[in-house]
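Novice: Right, I'll just put the structure down here and ask away after.
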Amino acid sequence: MKIYLVGGAVRDQLLGIANENTEQDWVVIDSCVEEMLDLGYRQVGKAFPVFLHPETQQEYALARLERKVAAGYTGFEFDTSKTITLEQDLSRRDLTINAMALDGERLIDPFHGQADLQNGLLKHTSAAFSEDPVRVLRVARFAAKFKPFGFKVAHSTHRLMQQMTASGEVSALTPERVFKELDKSLSYPTPSAFFKVLLACGAYQKVFPMLGEIQHKNHTNGFEFLDEFAGEAAIIKFAIWLHNESFQAVKKLCTQIKCPKNYQQLALLSSQWYGFAAEFSEQNDKAILEFFNQTDALRRKARFEQLLQIFGLLKIDIKPIKILFAALGKIKIAELKGDISKAIEAEKYRIIKFHN
C-alpha cells in the first residue's frame, strides 16, 4: 500500500495558508477494506470506504473511481479495487487545485493545479465535474474563500456550471448540503463571491427560488455589502443577507434548506422588525410594547442582543432600543402585586411611556 496527502491540505500548503487547523485528507493506493481494518483503522464511510487513523483520527480513503447512475450527488457507484491508480483517483476531484497530491516533498500534479493556483483560476478537473451538482456550490464557496487572493472561475467551468443549471441537475441538491455550503461561505470574510458566482450561472434562482430577483449586470456584485461584516458570525450574516426579504420568503427558505432553528428565528425576526426598528423614534408606546413582547426580548436576551447587533450593523440607531431594553430588564417581579402577568405588562408599558 502507498499513502498520499491530497486535496485541500496540499492546495493550502502551496498557497502558504496551511496551519494546525487545516484538515488533512489522505488517499490510500493498492489496499483494501480488510487490510485497513487489520491495521487498526476504523471504517466510517458508507457509500465508499473511508477510515480514521487509529492515532491521529485523520481521514484515509481508498482510491476510487465513480460512475454516475442517478441524479444528484448521491447517484454514484464506486470502484475501490486495488488496481485504481492515484491519477485515476485525482481525476474525479472537482477542481484542478484540489487534484494534487504530495508524496513526502514530491508534488504530484497531473492536471496542472499548481499553475491554476498561481494564476488564481478555479477550473474543473474533467468533464465528470458536471455529474455532481454539489460542485456548483463548492466552486461558489471556493470563490468566496479565495476572493482575497483574487481567484476567478475559469470561463470553461462557468459555462459547464450554466449547462448543469439549465439541465436541472442543480435541482437535485439536498437541503442539508445547500445549507452546509452556504454556512461555510458565510463564515468567510468575503461571502459575496459565493452569491455572485451562483447568480452568474443561474443557480441562485434555482437554489433560492423564493427570494427576490437580483439583477446581475456588467459583473457587478449586489452582495458585496456582506463583505463589510467580515468579522461577524455566519448566523449574523445569514440574517443580514435576508433582512430585506419578506417574512414568508425567509420562512420558506429556512424550511427548504432545513437550517438550524436559531438561524431561522433570528432571520425571521430581522426580516419582520427591520423596518420597525429603522423608524423606532416614530413608533407609539403600544407598538413598542408589542415589539418587545413579540421578539421575546426579556426571556431570550441573547437572541435579542443579536437582533440589535444586526440592526446596528445595518446602520440603524439602536441606542433608544438599548436604553428601553436595559430599563425593562430591571423590572422586579417580586415587588409586583395582583395578577402577575397583567402587572408585568402594566409595568412594561409604564417604563416605555416614561422613556418614550
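Naming scheme: A, B, ... for chains in displayed order of the C-alpha cells; residues 1 onward per chain; ligands 1 onward as shown.
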Could you build a table of the residues in region 159-238 of chain A lying no more than 6 Å from region 140-149 of chain A, giving for each the nearest pair of atoms and their separation in Å rounded to one decimal place, using only C-alpha atoms, ordered by chain and ascending residue number, as a tab-separated table?
Specialist:
residue	atom	partner	partner_atom	distance
A:Ser185	CA	A:Arg141	CA	5.3
A:Tyr188	CA	A:Lys145	CA	5.9
A:Thr190	CA	A:Ala144	CA	5.6
A:Pro191	CA	A:Ala144	CA	5.0
A:Ala193	CA	A:Ala144	CA	4.6
A:Phe194	CA	A:Ala140	CA	4.4
A:Val197	CA	A:Ala140	CA	5.4
Novice: If you count only C-alpha atoms, which residues fall within 9 Å of Asn98 (chain A), apart from same-chain ones fewer than 2 positions away, as a JSON list (two decimals) with N, CA and C atoms, in the first residue's frame?
Specialist:
[["chain", "number", "residue", "atom", "x", "y", "z"],
["A", 6, "VAL", "N", -3.58, 14.53, 0.05],
["A", 6, "VAL", "CA", -4.28, 15.03, -1.13],
["A", 6, "VAL", "C", -5.18, 16.21, -0.79],
["A", 7, "GLY", "N", -5.69, 16.84, -1.86],
["A", 7, "GLY", "CA", -6.77, 17.82, -1.72],
["A", 7, "GLY", "C", -6.39, 19.13, -1.10],
["A", 8, "GLY", "N", -7.27, 19.63, -0.23],
["A", 8, "GLY", "CA", -7.15, 20.97, 0.32],
["A", 8, "GLY", "C", -5.88, 21.22, 1.10],
["A", 9, "ALA", "N", -5.38, 20.20, 1.79],
["A", 9, "ALA", "CA", -4.15, 20.39, 2.57],
["A", 9, "ALA", "C", -2.97, 20.70, 1.65],
["A", 10, "VAL", "N", -2.93, 20.04, 0.51],
["A", 10, "VAL", "CA", -1.86, 20.30, -0.46],
["A", 10, "VAL", "C", -2.03, 21.69, -1.05],
["A", 11, "ARG", "N", -3.25, 21.99, -1.46],
["A", 11, "ARG", "CA", -3.56, 23.32, -2.03],
["A", 11, "ARG", "C", -3.18, 24.44, -1.07],
["A", 90, "LEU", "N", -7.37, 11.10, -8.54],
["A", 90, "LEU", "CA", -7.32, 12.56, -8.63],
["A", 90, "LEU", "C", -8.21, 13.09, -9.76],
["A", 93, "ARG", "N", -11.75, 14.41, -8.91],
["A", 93, "ARG", "CA", -11.91, 15.54, -7.99],
["A", 93, "ARG", "C", -12.41, 16.76, -8.72],
["A", 94, "ASP", "N", -13.06, 17.67, -8.00],
["A", 94, "ASP", "CA", -13.80, 18.76, -8.64],
["A", 94, "ASP", "C", -12.93, 19.75, -9.39],
["A", 95, "LEU", "N", -11.93, 20.32, -8.72],
["A", 95, "LEU", "CA", -11.11, 21.37, -9.30],
["A", 95, "LEU", "C", -9.65, 20.95, -9.38],
["A", 96, "THR", "N", -8.95, 21.49, -10.37],
["A", 96, "THR", "CA", -7.53, 21.14, -10.53],
["A", 96, "THR", "C", -6.72, 21.49, -9.29],
["A", 100, "MET", "N", -4.29, 17.64, -6.51],
["A", 100, "MET", "CA", -2.84, 17.45, -6.36],
["A", 100, "MET", "C", -2.58, 16.57, -5.15],
["A", 101, "ALA", "N", -1.41, 15.92, -5.14],
["A", 101, "ALA", "CA", -1.04, 15.04, -4.04],
["A", 101, "ALA", "C", 0.43, 15.27, -3.68],
["A", 113, "GLY", "N", -2.73, 21.71, -11.50],
["A", 113, "GLY", "CA", -3.37, 22.50, -10.46],
["A", 113, "GLY", "C", -2.47, 23.61, -9.92],
["A", 125, "THR", "N", -11.59, 19.74, -13.13],
["A", 125, "THR", "CA", -10.55, 18.78, -13.47],
["A", 125, "THR", "C", -10.88, 18.00, -14.73]]
Novice: Skipping near chain neighbours, those fewer than 4 positions away, what residues fall within 10 Å of Phe304 (chain A) using only C-alpha atoms, listed as a PyMOL selection string?
Specialist: chain A and resi 266+269+292+295-300+308-310+325
Novice: Write the residues of the selection above to a file with C-alpha atoms, as a tab-separated table (two decimals), in the first residue's frame.
Specialist:
chain	number	residue	atom	x	y	z
A	266	LEU	CA	-33.01	35.30	14.01
A	269	LEU	CA	-37.09	38.44	13.44
A	292	PHE	CA	-40.51	43.77	22.87
A	295	THR	CA	-39.35	39.42	19.96
A	296	ASP	CA	-39.46	37.83	23.45
A	297	ALA	CA	-36.70	40.26	24.38
A	298	LEU	CA	-36.70	39.75	28.14
A	299	ARG	CA	-36.77	35.95	28.07
A	300	ARG	CA	-34.46	35.49	25.06
A	308	LEU	CA	-29.90	44.61	17.95
A	309	GLN	CA	-26.41	43.81	16.67
A	310	ILE	CA	-27.87	43.15	13.21
A	325	PHE	CA	-34.24	47.11	26.85
Novice: Which residue gives the smallest distance to Leu242 (chain A) among A:Asn119, A:Gln272, A:Thr255, A:Asn262, with only C-alpha atoms counted?
Specialist: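 Among the listed residues, A:Gln272 lies closest to Leu242 (chain A).
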Novice: Per DSSP on the backbone, what are the helix (DSSP H, G or I) residues of region 117-300 of chain A, as a PyMOL selection string?
Specialist: chain A and resi 117-119+127-131+134-145+147-149+155-167+169-172+175-187+192-201+203-207+224-229+234-242+247-257+261-278+280-282+285-294
Novice: Residues near Val207 (chain A), anyone? I mean within 8 Å using only C-alpha atoms, not counting same-chain ones fewer than 5 positions away, as a PyMOL selection string.
Specialist: chain A and resi 170-171+178
Novice: With C-alpha atoms retained, write the just-selected residues as an mmCIF file, in the first residue's frame.
Specialist:
data_model
loop_
_atom_site.group_PDB
_atom_site.id
_atom_site.type_symbol
_atom_site.label_atom_id
_atom_site.label_comp_id
_atom_site.auth_asym_id
_atom_site.auth_seq_id
_atom_site.Cartn_x
_atom_site.Cartn_y
_atom_site.Cartn_z
ATOM 1 C CA VAL A 170 -28.750 21.606 -9.621
ATOM 2 C CA SER A 171 -32.350 20.932 -8.617
ATOM 3 C CA VAL A 178 -27.141 23.582 0.404
#
Novice: Using only C-alpha atoms, can you tell me which of A:Ala61, A:Leu117, A:Ile108, A:Leu182 comes closest to Val153 (chain A)?
Specialist: A:Leu117
Novice: Write out as a PyMOL selection string each polymer residue whose atoms come within 12 Å of Leu160 (chain A), counting only C-alpha atoms; drop sequence neighbours fewer than 2 positions from it.
Specialist: chain A and resi 123-133+135-136+139+153-158+162-167+169-170+200-203
Novice: At a cut-off of 12 Å, using only C-alpha atoms, what residues contact region 330-334 of chain A? Leave out same-chain residues fewer than 5 positions from it and give the result as a list in words.
Specialist: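 My reading of the contact set: Leu298, Ile323, Leu324, Phe325, Asp339, Ile340, Ser341, Lys342, Ala343, Ile344, Glu345, Ala346, Glu347, Lys348, Tyr349, Arg350, Ile351 and Ile352 of chain A.
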Novice: Write a file of the just-selected residues containing C-alpha atoms, as a PDB file, in the first residue's frame.
Specialist:
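After the write, selection_17.pdb holds the following:
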ATOM      1  CA  LEU A 298     -36.702  39.754  28.136  1.00  0.00           C
ATOM      2  CA  ILE A 323     -31.991  52.088  26.731  1.00  0.00           C
ATOM      3  CA  LEU A 324     -35.518  50.697  26.889  1.00  0.00           C
ATOM      4  CA  PHE A 325     -34.237  47.115  26.848  1.00  0.00           C
ATOM      5  CA  ASP A 339     -52.254  39.296  38.667  1.00  0.00           C
ATOM      6  CA  ILE A 340     -48.524  38.943  37.890  1.00  0.00           C
ATOM      7  CA  SER A 341     -48.845  38.736  34.095  1.00  0.00           C
ATOM      8  CA  LYS A 342     -51.038  41.826  33.960  1.00  0.00           C
ATOM      9  CA  ALA A 343     -48.796  43.632  36.442  1.00  0.00           C
ATOM     10  CA  ILE A 344     -45.715  42.888  34.338  1.00  0.00           C
ATOM     11  CA  GLU A 345     -47.409  44.223  31.189  1.00  0.00           C
ATOM     12  CA  ALA A 346     -48.526  47.345  33.034  1.00  0.00           C
ATOM     13  CA  GLU A 347     -45.003  47.945  34.349  1.00  0.00           C
ATOM     14  CA  LYS A 348     -43.519  47.446  30.893  1.00  0.00           C
ATOM     15  CA  TYR A 349     -45.962  49.953  29.450  1.00  0.00           C
ATOM     16  CA  ARG A 350     -45.196  52.461  32.225  1.00  0.00           C
ATOM     17  CA  ILE A 351     -41.446  52.210  31.568  1.00  0.00           C
ATOM     18  CA  ILE A 352     -41.874  52.565  27.799  1.00  0.00           C
TER      19      ILE A 352
END
